[in-house]
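**Student:** Just upload_35.csv, nothing more (CSV, C-alpha atoms):
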chain,number,residue,atom,x,y,z
A,85,MET,CA,-6.3,14.5,11.2
A,86,LYS,CA,-6.9,10.8,10.6
A,87,LYS,CA,-5.9,8.4,13.3
A,88,GLY,CA,-4.7,4.9,12.2
A,89,LEU,CA,-3.6,1.7,13.9
A,90,VAL,CA,-1.2,-0.7,12.3
A,91,MET,CA,-0.8,-4.2,13.6
A,92,GLU,CA,2.1,-6.4,12.6
A,93,GLY,CA,1.7,-10.2,12.4
A,94,GLY,CA,3.9,-12.8,14.1
A,95,ALA,CA,1.8,-15.8,14.8
A,96,MET,CA,1.4,-16.2,18.6
A,97,ARG,CA,3.4,-13.1,19.2
A,98,GLY,CA,0.0,-11.6,18.3
A,99,MET,CA,-1.1,-12.2,21.9
A,100,PHE,CA,1.1,-9.2,22.7
A,101,THR,CA,-1.0,-7.2,20.2
A,102,SER,CA,-4.2,-8.6,21.8
A,103,GLY,CA,-3.1,-7.3,25.2
A,104,ILE,CA,-2.4,-3.9,23.8
A,105,ILE,CA,-5.7,-3.5,21.9
A,106,ASP,CA,-7.7,-4.7,24.8
A,107,VAL,CA,-6.3,-1.9,27.0
A,108,LEU,CA,-6.8,0.7,24.3
A,109,MET,CA,-10.5,-0.4,23.9
A,110,GLU,CA,-10.9,-0.4,27.7
A,111,ASN,CA,-9.8,3.2,27.7
A,112,ASN,CA,-12.1,4.2,24.8
A,113,ILE,CA,-9.3,5.0,22.5
A,114,GLU,CA,-10.7,5.1,19.0
A,115,PHE,CA,-9.1,5.1,15.5
A,116,ASP,CA,-10.5,6.2,12.2
A,117,GLY,CA,-8.9,3.1,10.6
A,118,ALA,CA,-6.8,0.1,11.2
A,119,ALA,CA,-4.7,-2.3,9.2
A,120,GLY,CA,-3.8,-5.8,10.3
A,121,VAL,CA,-1.4,-8.3,8.8
A,122,SER,CA,-1.6,-12.1,9.4
A,123,ALA,CA,-2.1,-12.5,13.2
A,124,GLY,CA,-2.6,-8.7,13.3
A,125,ALA,CA,-5.6,-9.2,11.1
A,126,VAL,CA,-7.0,-12.3,12.9
A,127,PHE,CA,-6.8,-10.7,16.4
A,128,GLY,CA,-7.0,-7.1,15.3
A,129,CYS,CA,-10.5,-7.5,13.8
A,130,ASN,CA,-11.8,-7.6,17.4
A,131,TYR,CA,-11.1,-3.9,17.6
A,132,LYS,CA,-13.7,-3.1,15.0
A,133,SER,CA,-16.2,-5.5,16.6
A,134,ARG,CA,-15.3,-4.0,20.1
A,135,GLN,CA,-14.9,-7.5,21.7
A,136,ILE,CA,-12.5,-6.9,24.5
A,137,GLY,CA,-10.8,-10.1,25.7
A,138,ARG,CA,-12.0,-12.3,22.8
A,139,GLY,CA,-8.5,-12.9,21.3
A,140,ILE,CA,-6.9,-14.3,24.4
A,141,ARG,CA,-10.1,-16.0,25.6
A,142,TYR,CA,-10.6,-18.3,22.6
A,143,ASN,CA,-6.9,-19.0,22.2
A,144,MET,CA,-6.5,-20.1,25.8
A,145,LYS,CA,-9.6,-22.2,25.6
A,146,TYR,CA,-8.9,-24.0,22.3
A,147,CYS,CA,-5.1,-24.0,21.9
A,148,THR,CA,-5.0,-27.7,22.9
A,149,ASP,CA,-7.9,-28.7,20.6
A,150,ASP,CA,-6.7,-30.6,17.5
A,151,ARG,CA,-9.5,-29.0,15.5
A,152,TYR,CA,-8.0,-25.6,16.1
A,153,VAL,CA,-4.3,-26.3,15.6
A,154,SER,CA,-2.4,-29.6,15.2
A,155,LEU,CA,-0.1,-31.6,13.0
A,156,LYS,CA,-3.1,-33.9,12.4
A,157,SER,CA,-5.0,-30.9,10.9
A,158,TRP,CA,-2.1,-30.1,8.7
A,159,VAL,CA,-1.7,-33.7,7.4
A,160,THR,CA,-5.4,-34.2,6.7
A,161,THR,CA,-6.4,-30.7,5.5
A,162,GLY,CA,-3.2,-28.9,4.5
A,163,ASN,CA,-3.9,-26.3,7.2
A,164,LEU,CA,-2.0,-26.3,10.5
A,165,TYR,CA,-4.8,-24.1,11.9
A,166,GLY,CA,-7.9,-25.9,11.0
A,167,ALA,CA,-9.8,-23.7,8.5
A,168,GLU,CA,-13.3,-25.0,9.2
A,169,PHE,CA,-12.9,-24.8,13.0
A,170,SER,CA,-11.0,-21.5,13.1
A,171,TYR,CA,-13.0,-19.5,10.6
A,172,HIS,CA,-16.4,-21.0,10.9
A,173,THR,CA,-17.2,-23.1,14.0
A,174,LEU,CA,-15.3,-20.9,16.4
A,175,PRO,CA,-16.6,-17.4,15.3
A,176,GLN,CA,-20.1,-18.6,14.4
A,177,GLU,CA,-20.8,-21.0,17.3
A,178,LEU,CA,-18.2,-21.1,20.1
A,179,ASP,CA,-17.0,-17.6,20.6
A,180,ILE,CA,-19.3,-15.6,18.3
A,181,PHE,CA,-17.8,-12.8,16.3
A,182,ASP,CA,-20.0,-9.7,16.6
A,183,THR,CA,-20.6,-8.9,12.9
A,184,ASP,CA,-23.4,-6.5,13.8
A,185,THR,CA,-21.1,-4.2,15.8
A,186,PHE,CA,-18.3,-4.8,13.3
A,187,SER,CA,-20.5,-3.5,10.4
A,188,LYS,CA,-21.8,-0.5,12.3
A,189,ASN,CA,-18.5,0.7,13.6
A,190,PRO,CA,-17.3,3.4,11.2
A,191,MET,CA,-13.6,2.5,11.8
A,192,GLU,CA,-12.2,1.3,8.5
A,193,PHE,CA,-10.4,-2.1,8.8
A,194,TYR,CA,-7.9,-3.3,6.2
A,195,VAL,CA,-6.2,-6.7,5.9
A,196,VAL,CA,-3.1,-7.4,3.8
A,197,CYS,CA,-2.6,-10.5,1.7
A,198,THR,CA,0.0,-11.5,-0.9
A,199,ASP,CA,-1.1,-12.5,-4.4
A,200,LEU,CA,0.8,-15.7,-5.3
A,201,GLU,CA,0.5,-15.0,-9.0
A,202,THR,CA,2.0,-11.5,-8.9
A,203,GLY,CA,4.0,-11.6,-5.6
A,204,ARG,CA,2.4,-8.2,-4.7
A,205,ALA,CA,0.5,-7.1,-1.7
A,206,VAL,CA,-3.3,-6.9,-1.9
A,207,TYR,CA,-5.3,-4.7,0.5
A,208,HIS,CA,-8.9,-5.5,1.3
A,209,LYS,CA,-11.2,-3.2,3.2
A,210,CYS,CA,-13.5,-5.3,5.4
A,211,SER,CA,-17.1,-4.1,5.5
A,212,ASP,CA,-19.4,-6.3,7.5
A,213,GLY,CA,-17.3,-9.1,9.0
A,214,GLY,CA,-19.2,-11.7,7.0
A,215,GLU,CA,-18.0,-14.7,5.1
A,216,ASN,CA,-16.1,-12.7,2.4
A,217,ASP,CA,-14.3,-10.7,5.0
A,218,ILE,CA,-13.5,-13.8,7.0
A,219,GLN,CA,-11.9,-15.4,4.0
A,220,TRP,CA,-9.7,-12.3,3.4
A,221,ILE,CA,-8.6,-12.5,7.1
A,222,ARG,CA,-7.9,-16.2,6.7
A,223,ALA,CA,-5.9,-15.5,3.6
A,224,SER,CA,-3.9,-12.8,5.4
A,225,ALA,CA,-2.9,-15.4,8.0
A,226,SER,CA,-2.3,-18.3,5.6
A,227,LEU,CA,1.4,-18.9,6.1
A,228,PRO,CA,3.0,-20.7,3.1
A,229,ILE,CA,3.3,-24.5,3.6
A,230,ALA,CA,1.5,-24.2,7.0
A,231,ALA,CA,-1.7,-23.4,5.2
A,232,ARG,CA,-3.3,-23.8,1.8
A,233,PRO,CA,-3.6,-20.7,-0.3
A,234,VAL,CA,-7.0,-19.0,-0.3
A,235,HIS,CA,-8.9,-18.4,-3.6
A,236,ILE,CA,-10.9,-15.2,-3.6
A,237,ASN,CA,-12.2,-13.3,-6.7
A,238,ASN,CA,-9.9,-15.2,-9.1
A,239,ARG,CA,-6.9,-14.4,-6.9
A,240,VAL,CA,-4.7,-17.0,-5.1
A,241,LEU,CA,-3.8,-15.4,-1.8
A,242,SER,CA,-1.4,-16.1,1.0
A,243,ASP,CA,0.2,-14.6,4.1
A,244,GLY,CA,0.2,-10.8,3.9
A,245,GLY,CA,3.5,-10.5,5.8
A,246,THR,CA,5.3,-11.8,2.7
A,247,ALA,CA,4.7,-8.7,0.7
A,248,ASP,CA,3.9,-6.0,3.3
A,249,SER,CA,4.6,-7.0,6.9
A,250,ILE,CA,3.9,-3.5,8.4
A,251,PRO,CA,1.7,-1.4,6.1
A,252,VAL,CA,2.5,2.1,7.4
A,253,LYS,CA,3.1,3.4,3.9
A,254,PHE,CA,-0.3,2.0,2.7
A,255,MET,CA,-2.0,3.8,5.6
A,256,GLU,CA,-0.2,7.0,4.8
A,257,TYR,CA,-1.4,6.7,1.2
A,258,LYS,CA,-4.9,6.3,2.6
A,259,GLY,CA,-4.5,9.6,4.5
A,260,TYR,CA,-3.8,8.4,8.0
A,261,ASP,CA,-1.4,11.0,9.2
A,262,LYS,CA,-1.4,10.0,12.9
A,263,GLN,CA,-0.5,6.3,13.2
A,264,VAL,CA,0.1,4.0,16.2
A,265,VAL,CA,2.1,1.0,15.1
A,266,ILE,CA,2.2,-2.2,17.1
A,267,LEU,CA,5.3,-4.3,16.4
A,268,THR,CA,5.8,-7.7,17.9
A,269,ARG,CA,9.6,-7.7,17.8
A,270,PRO,CA,11.9,-5.6,20.2
A,271,LYS,CA,13.8,-2.6,19.0
A,272,GLY,CA,17.0,-3.6,17.2
A,273,TYR,CA,15.6,-6.7,15.6
A,274,VAL,CA,17.0,-7.5,12.2
A,275,LYS,CA,15.3,-10.0,10.0
A,276,LYS,CA,17.4,-12.6,8.1
A,277,GLN,CA,16.5,-14.5,5.0
A,278,SER,CA,14.3,-17.5,5.8
A,279,SER,CA,16.0,-20.8,6.2
A,280,MET,CA,12.9,-22.3,4.6
A,281,MET,CA,13.6,-20.8,1.2
A,282,PRO,CA,14.9,-24.1,-0.4
A,283,VAL,CA,11.7,-25.8,0.8
A,284,MET,CA,9.6,-22.9,-0.5
A,285,ASN,CA,11.3,-23.1,-3.9
A,286,MET,CA,10.2,-26.7,-4.2
A,287,TRP,CA,6.7,-26.4,-2.6
A,288,LEU,CA,5.7,-23.2,-4.5
A,289,LYS,CA,7.7,-23.5,-7.7
A,290,LYS,CA,4.6,-22.7,-9.8
A,291,TYR,CA,4.6,-19.2,-8.3
A,292,PRO,CA,8.0,-17.7,-9.3
A,293,LYS,CA,6.9,-14.1,-8.6
A,294,PHE,CA,5.8,-15.0,-5.1
A,295,LEU,CA,9.0,-16.8,-4.5
A,296,LYS,CA,11.0,-13.7,-5.6
A,297,THR,CA,9.0,-11.6,-3.2
A,298,MET,CA,9.6,-14.1,-0.4
A,299,SER,CA,13.3,-14.3,-1.1
A,300,ARG,CA,13.6,-10.5,-0.7
A,301,ARG,CA,11.2,-10.3,2.3
A,302,PHE,CA,13.9,-9.8,4.8
A,303,ILE,CA,15.3,-6.8,2.8
A,304,GLN,CA,12.0,-5.1,2.5
A,305,TYR,CA,11.1,-5.8,6.2
A,306,ASN,CA,14.4,-4.2,7.4
A,307,ARG,CA,13.8,-1.2,5.1
A,308,THR,CA,10.4,-0.8,6.6
A,309,LEU,CA,11.7,-0.9,10.1
A,310,ALA,CA,14.3,1.8,9.2
A,311,TYR,CA,11.5,3.9,7.8
A,312,ILE,CA,9.4,3.4,10.9
A,313,GLU,CA,12.3,4.4,13.1
A,314,LYS,CA,13.0,7.6,11.1
A,315,GLN,CA,9.3,8.5,11.2
A,316,GLU,CA,9.2,7.7,14.9
A,317,GLN,CA,12.1,10.0,15.6
A,318,ALA,CA,10.4,12.8,13.7
A,319,GLY,CA,7.3,12.4,15.8
A,320,LYS,CA,5.2,11.2,12.8
A,321,LEU,CA,4.5,7.7,14.2
A,322,LEU,CA,4.1,6.3,17.7
A,323,VAL,CA,5.5,2.8,18.0
A,324,ILE,CA,4.6,0.2,20.7
A,325,ARG,CA,6.9,-2.8,20.8
A,326,PRO,CA,8.0,-5.4,23.3
A,327,ASP,CA,11.1,-4.6,25.4
A,328,PHE,CA,12.5,-8.0,24.8
A,329,ASP,CA,12.1,-11.1,22.7
A,330,LEU,CA,8.7,-12.6,23.5
A,331,LYS,CA,10.1,-16.1,23.1
A,332,ILE,CA,6.9,-17.7,21.9
A,333,GLY,CA,6.6,-20.1,18.9
A,334,LYS,CA,4.4,-19.9,15.9
A,335,VAL,CA,2.3,-22.6,17.5
A,336,GLU,CA,1.7,-22.5,21.2
A,337,ARG,CA,-0.5,-25.1,23.0
A,338,ASN,CA,0.3,-24.0,26.5
A,339,PRO,CA,-2.5,-21.6,27.6
A,340,LYS,CA,-0.2,-20.1,30.3
A,341,GLU,CA,2.3,-19.1,27.7
A,342,LEU,CA,-0.4,-17.4,25.7
A,343,GLU,CA,-1.5,-15.6,28.8
A,344,ARG,CA,2.1,-14.6,29.6
A,345,VAL,CA,2.5,-12.8,26.3
A,346,TYR,CA,-0.9,-11.3,26.5
A,347,LEU,CA,-0.1,-9.8,29.9
A,348,ILE,CA,3.1,-8.4,28.6
A,349,GLY,CA,1.1,-6.6,26.0
A,350,ARG,CA,-1.3,-5.3,28.6
A,351,LYS,CA,1.5,-4.1,30.8
A,352,LYS,CA,3.2,-2.3,27.9
A,353,ALA,CA,-0.1,-0.6,26.8
A,354,ASN,CA,-0.7,0.7,30.3
A,355,GLN,CA,2.9,2.0,30.5
A,356,GLU,CA,2.4,3.8,27.2
A,357,LEU,CA,-1.2,4.9,27.8
A,358,GLU,CA,-0.6,8.6,28.6
A,359,ARG,CA,1.8,8.9,25.7
A,360,ILE,CA,-0.7,7.4,23.3
A,361,LYS,CA,-3.4,9.7,24.5
A,362,GLU,CA,-1.2,12.7,24.1
A,363,TYR,CA,-0.1,11.7,20.7
A,364,LEU,CA,-3.7,11.1,19.5
A,365,CYS,CA,-4.9,14.2,21.3
A,366,VAL,CA,-7.5,12.4,23.3
A,367,SER,CA,-8.3,12.7,27.0
Could you render the structure as structure tokens?

**Tutor:**
Amino acid sequence: MKKGLVMEGGAMRGMFTSGIIDVLMENNIEFDGAAGVSAGAVFGCNYKSRQIGRGIRYNMKYCTDDRYVSLKSWVTTGNLYGAEFSYHTLPQELDIFDTDTFSKNPMEFYVVCTDLETGRAVYHKCSDGGENDIQWIRASASLPIAARPVHINNRVLSDGGTADSIPVKFMEYKGYDKQVVILTRPKGYVKKQSSMMPVMNMWLKKYPKFLKTMSRRFIQYNRTLAYIEKQEQAGKLLVIRPDFDLKIGKVERNPKELERVYLIGRKKANQELERIKEYLCVS
């Protein structure tokens, strides 16, 4: 039996995920592997580095810092979330990412990106939490228009959620037959086609295959939710989701709002803790 953890993205809905994984780590619940998409990758990497509380801590501390996230950053650099500050200054100097623990932890950690040239999902197994891995994590969370594409190994990469928002089938392919899936939308949510498609078509017209994938994202997302629900009913997946719309924006500069969503995640994890332990066969 291989135990896997899948973490959906959702920008600052990711604080819900952060609350859940902190409770799981506090209760010494371990997985053989994990996959994170976008915010699920940015915050989920703290599971492998075993840094309880890091996700909520630095977000509350720096959410009002223009270097972290601001319109000014977007206008001057093309990145709403400042790339230099978010992926270098912060993890290397201000709230240090524990690459030593990350590299020694045997848990596999995958991030999902979308290749702009092909429109297909690309999966990267992070090994040491170093510069290359950080660039993959950054790429996974690089929302079109809000962030510049990230160039890695002759690929042009963007937000993983475009091609594979919830990579349960990828993890199945990798042999993870016991999966806990963290969703950031409540049960019954149905995605609609993005109202931003006309803008995307102009902004990214040099990447027609990516645009085709994006135009169909809502269809694929809803199909994935239907598959997850079917697997959940069959007892093949355990899903943790919020009970209601978290009502938090893609950008949130109010630390109390970030804490609110984080605490909702913690509460949900504690409510589900015994069920999770039983499902994973841990004490």

**Student:** As an exercise, work out the distance from CA of Tyr165 in chain A to CA of Asn216 in chain A in Å and give it to one decimal place.

**Tutor:**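 The value is 18.7 Å.
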
**Student:** Which value, in Å to one decimal, gives the distance between CA of Ala230 in chain A and CA of Phe193 in chain A?

**Tutor:** 25.2 Å

**Student:** Which value, in Å to one decimal, gives the distance between CA of Arg269 in chain A and CA of Met281 in chain A?

**Tutor:**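 Distance reported for this atom pair: 21.5 Å.
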
**Student:** In terms of the shortest atom-to-atom distance over only C-alpha atoms, which of A:Asp261, A:Asp116, A:Glu177, A:Glu92 is closest to Ala225 in chain A?

**Tutor:**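 Among A:Asp261, A:Asp116, A:Glu177, A:Glu92, it is A:Glu92 that comes nearest to Ala225 in chain A.
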
**Student:** Write out as a PyMOL selection string which residues come within 7 Å of range 348-356 of chain A when counting all atoms listed in the file, dropping same-chain ones fewer than 6 positions away.

**Tutor:** chain A and resi 100-101+103-104+107

**Student:** At most 8 Å is the cut-off: for each residue in range 281-362 of chain A with any atom that close to an atom of range 194-214 of chain A, write down the nearest atom pair and the distance in Å rounded to one decimal, counting all atoms listed in the file, chain first then increasing number, as a tab-separated table.

**Tutor:**
residue	atom	partner	partner_atom	distance
A:Tyr291	CA	A:Glu201	CA	5.9
A:Pro292	CA	A:Glu201	CA	8.0
A:Lys293	CA	A:Gly203	CA	4.9
A:Phe294	CA	A:Gly203	CA	3.9
A:Leu295	CA	A:Gly203	CA	7.3
A:Lys296	CA	A:Gly203	CA	7.3
A:Thr297	CA	A:Gly203	CA	5.5

**Student:** Restricted to C-alpha atoms, what would the selected residues look like written as a tab-separated table (two decimals), keeping the file's coordinate frame?

**Tutor:**
chain	number	residue	atom	x	y	z
A	291	TYR	CA	4.60	-19.20	-8.30
A	292	PRO	CA	8.00	-17.70	-9.30
A	293	LYS	CA	6.90	-14.10	-8.60
A	294	PHE	CA	5.80	-15.00	-5.10
A	295	LEU	CA	9.00	-16.80	-4.50
A	296	LYS	CA	11.00	-13.70	-5.60
A	297	THR	CA	9.00	-11.60	-3.20

**Student:** Which residues come within 9 Å of Lys275 in chain A, counting only C-alpha atoms, excluding same-chain residues fewer than 6 positions away, as a ChimeraX atom specification?

**Tutor:** /A:301-303,305-306

**Student:** Select, from A:Lys361, A:Lys262, A:Lys271, A:Arg232, the residue with the minimum atom-to-atom distance to Leu288 in chain A, counting all atoms listed in the file.

**Tutor:** A:Arg232

**Student:** If we count all atoms listed in the file, what is near Phe186 in chain A at a cut-off of 9 Å, once residues fewer than 2 positions away on the same chain are taken out, given as a PyMOL selection string?

**Tutor:** chain A and resi 129-134+181-184+188-191+211-213

**Student:** For Arg337 in chain A, which of A:Arg300, A:His172, A:Arg325, A:Lys145 is the closest residue, counting all atoms listed in the file?

**Tutor:**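 Answer, going by the shortest atom-to-atom distance: A:Lys145.
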
**Student:** If we draw a sphere of 9 Å around (2.9, -2.0, 16.5), which residues have at least one atom in it when counting only C-alpha atoms? Please report them as a PDB file with C-alpha atoms, in the frame of the given file.

**Tutor:**
ATOM      1  CA  LEU A  89      -3.600   1.700  13.900  1.00  0.00           C
ATOM      2  CA  VAL A  90      -1.200  -0.700  12.300  1.00  0.00           C
ATOM      3  CA  MET A  91      -0.800  -4.200  13.600  1.00  0.00           C
ATOM      4  CA  GLU A  92       2.100  -6.400  12.600  1.00  0.00           C
ATOM      5  CA  THR A 101      -1.000  -7.200  20.200  1.00  0.00           C
ATOM      6  CA  ILE A 250       3.900  -3.500   8.400  1.00  0.00           C
ATOM      7  CA  VAL A 264       0.100   4.000  16.200  1.00  0.00           C
ATOM      8  CA  VAL A 265       2.100   1.000  15.100  1.00  0.00           C
ATOM      9  CA  ILE A 266       2.200  -2.200  17.100  1.00  0.00           C
ATOM     10  CA  LEU A 267       5.300  -4.300  16.400  1.00  0.00           C
ATOM     11  CA  THR A 268       5.800  -7.700  17.900  1.00  0.00           C
ATOM     12  CA  ARG A 269       9.600  -7.700  17.800  1.00  0.00           C
ATOM     13  CA  LEU A 322       4.100   6.300  17.700  1.00  0.00           C
ATOM     14  CA  VAL A 323       5.500   2.800  18.000  1.00  0.00           C
ATOM     15  CA  ILE A 324       4.600   0.200  20.700  1.00  0.00           C
ATOM     16  CA  ARG A 325       6.900  -2.800  20.800  1.00  0.00           C
TER      17      ARG A 325
END

**Student:** Do you know which residues are at most 12 Å from Ser224 in chain A counting only C-alpha atoms, after dropping those on the same chain fewer than 2 positions away, and could you put them as an MDAnalysis selection string?

**Tutor:** chainID A and resid 92:95 119:129 194:199 205:208 217:222 226:228 231:236 240:249
